[in-house]
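Notes for the one structure printed next.
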Protein chains: 2
Amino acid sequence: MPATTKPTTTPTSTPKSKTAPKAAAKRADAQRNIVAILEAATECLTLDPAASTSEIAKAAGVGRVTLYGHFPSRAELIDAVFVHAIEGGEGALGQVDLTGDPRDALARLIESSWHLVDRYSSLLIAAQDSLPPGRVRELHADPMARVERLLERGRKEGVFRTDLPTSWLVSAMHNVMHGAAGEIHGGRLTPDNAAGYITLTLIAAFTPPGKPVPS
Amino acid sequence: MPATTKPTTTPTSTPKSKTAPKAAAKRADAQRNIVAILEAATECLTLDPAASTSEIAKAAGVGRVTLYGHFPSRAELIDAVFVHAIEGGEGALGQVDLTGDPRDALARLIESSWHLVDRYSSLLIAAQDSLPPGRVRELHADPMARVERLLERGRKEGVFRTDLPTSWLVSAMHNVMHGAAGEIHGGRLTPDNAAGYITLTLIAAFTPPGKPVPS
DNA sequence: AGTAACTCGAACAACGGTGTTCGACAAGAG
DNA sequence: CTCTTGTCGAACACCGTTGTTCGAGTTACT
């Protein structure tokens, strides 16, 4: 019975990790399979939120037993996939320039976030009905904090409204983006237009009452 | 084997319906059970989108076999429930005064729509993954048309933006409302604030670029 | 080369769902 | 009152899922 492992950091870059205090150093073989499973799971789940472990194992070119050898349950696999996706997204989002006019910064942030939301929308659904309640939100803490910081700055500078709670504005942004993903999925919106539509909508939604909507 | 029936209109108000050309006039017994099932299904599905036919039958005080006697499959039952809910909602929405300043009219429409969205959000989910794709949208045609008409009028009068497609604005409204329902469900928003937040957000979002956001 | 770690397929058990069948029985309509 | 129409519970077949066990085989570390 192989031990269970949760590679919080991508195991690809850490060949031996001499600083590992407990982890019994998995065999190269196993490490390869773990990333294969993780990748296959990401692909399958973003395609169908209800993908079964059989499908995922097959897509990873691995026996179902092997999958369960590395991930104790479907839920924990999804958790790992989700964590992985968030980390990747954070990497991309961390490079966005959030200085200057908050509205321009927001536009840039949306442009980057949008692709992630679109890509992982299906995975999010999988996480939402397989993970314990609150877990999804917990994993979203970092990206949400980033948005909140920008919004707060915009409020202090008087370009974003303060008559609604920041948390509500964040939620609105979240919902509009996910909604756009749904519209694309239904063929009622083209991916090229999406980012622009979202930006125009949110910039206006965030404008303080009495001030003109920027063009 | 009892025949399958789809009471498009509420069977409560039509006692005999002498104009029925084919339908073999169900027994009073059966009619009672049908509405009981419909009501129980509504309640169960709005509580849990994945409610099973057993739960629904039990909640209706009826054997599972009886349920299948009236609704050939779980999907068709959900369809009937959904149609019923939409019809009820249309009744309420039809009484909203949509004249006068489009922004005020929108506020009134949101106030009414909001309660429906909040109540039936779970039922919507059930419909979305049990009904054939496009069916949900098909059933939403009427309420969507109502919103579209109002939006179009506001655009002509210059109080709503025309630089984004009406369909997108409708979608945004839809998403913000459903998002608010989720926030309430998660305890991060109180039902009293919801309608106000939604209205403020959407009025701003729909304001034409260059024009001030109304306070 | 030896050994521990790992993989694989097949098979199993348990679960929960859907939809159907049967036969006995109640209830409404004429 | 009679007879059609419904109802009921239990049982069944079927499906796909999750998670486990076994034994035999393979792969990588040292």
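Residues are named by chain letter and number: chains run A, B, ... in the order of the structure tokens, numbers start at 1 in each chain, and ligands are numbered from 1 in the order shown.
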Could you list, with a cut-off of 9 Å and counting only C-alpha atoms (C1' of nucleotides), the residues of chain B near chain D, each shown with its nearest atom pair and the distance in Å rounded to one decimal, rows sorted by chain and ascending number, as a tab-separated table?
residue	atom	partner	partner_atom	distance
B:Pro2	CA	D:DG6	C1'	7.5
B:Lys26	CA	D:DT5	C1'	8.4
B:Arg27	CA	D:DT5	C1'	7.1
B:Asp29	CA	D:DG6	C1'	7.4
B:Ala30	CA	D:DG6	C1'	6.7
B:Val62	CA	D:DC8	C1'	8.5
B:Gly63	CA	D:DC8	C1'	6.2
B:Arg64	CA	D:DC8	C1'	8.9
B:Val65	CA	D:DC8	C1'	7.8
B:Thr66	CA	D:DT7	C1'	6.5
### Query
Any idea which chain C residues end up within 8 Å of chain B if we count only C-alpha atoms (C1' of nucleotides), as number ranges by chain please?
C: 17, 19, 27-28
### Query
In Å, how far is it from atom CA of Leu98 of chain A to atom CA of Glu111 of chain A?
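Between atom CA of Leu98 of chain A and atom CA of Glu111 of chain A the gap is 12.2 Å.
Taking atom CA of Glu76 of chain A and atom CA of Pro133 of chain A as the two end points, the separation is 13.8 Å.
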### Task
Pull out every residue of chain A that has at least one atom within 10 Å of chain B, counting only C-alpha atoms, and report them as a PyMOL selection string.
chain A and resi 133-134+161+163-165+167-169+171-180+182-183+186+188-189+194+196-198+200-215
### Task
Mind giving me the straight-line distance from atom CA of His84 of chain B to atom CA of Leu38 of chain B in Å, one decimal?
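Between these atoms lies a distance of 8.4 Å.
All residues of protein, DNA or RNA that reach within 9 Å of Val96 of chain A, judged by only C-alpha atoms (C1' of nucleotides) and not counting those fewer than 6 positions away in the chain, are Ala105, Arg108, Leu109 and Ser112 of chain A.
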### Surrounding residues of Arg103 of chain B excluding itself and chain neighbours under 6 positions, 9 Å, only C-alpha atoms (C1' of nucleotides), as a list in words
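My list of contacting residues is Gly154, Val159, Phe160 and Ile203 of chain B.
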### Message
So, with only C-alpha atoms as the atoms that count, which of A:Ala127, A:Arg135, A:Gln95, A:Val147 lies closest to Ala50 of chain A?
### Response
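That would be A:Ala127, the residue with the smallest distance to Ala50 of chain A.
Residue nearest Ile56 of chain A within the list A:Cys44, A:Asp101, A:Val117, A:Leu151: A:Cys44 [criterion: smallest interatomic distance, only C-alpha atoms].
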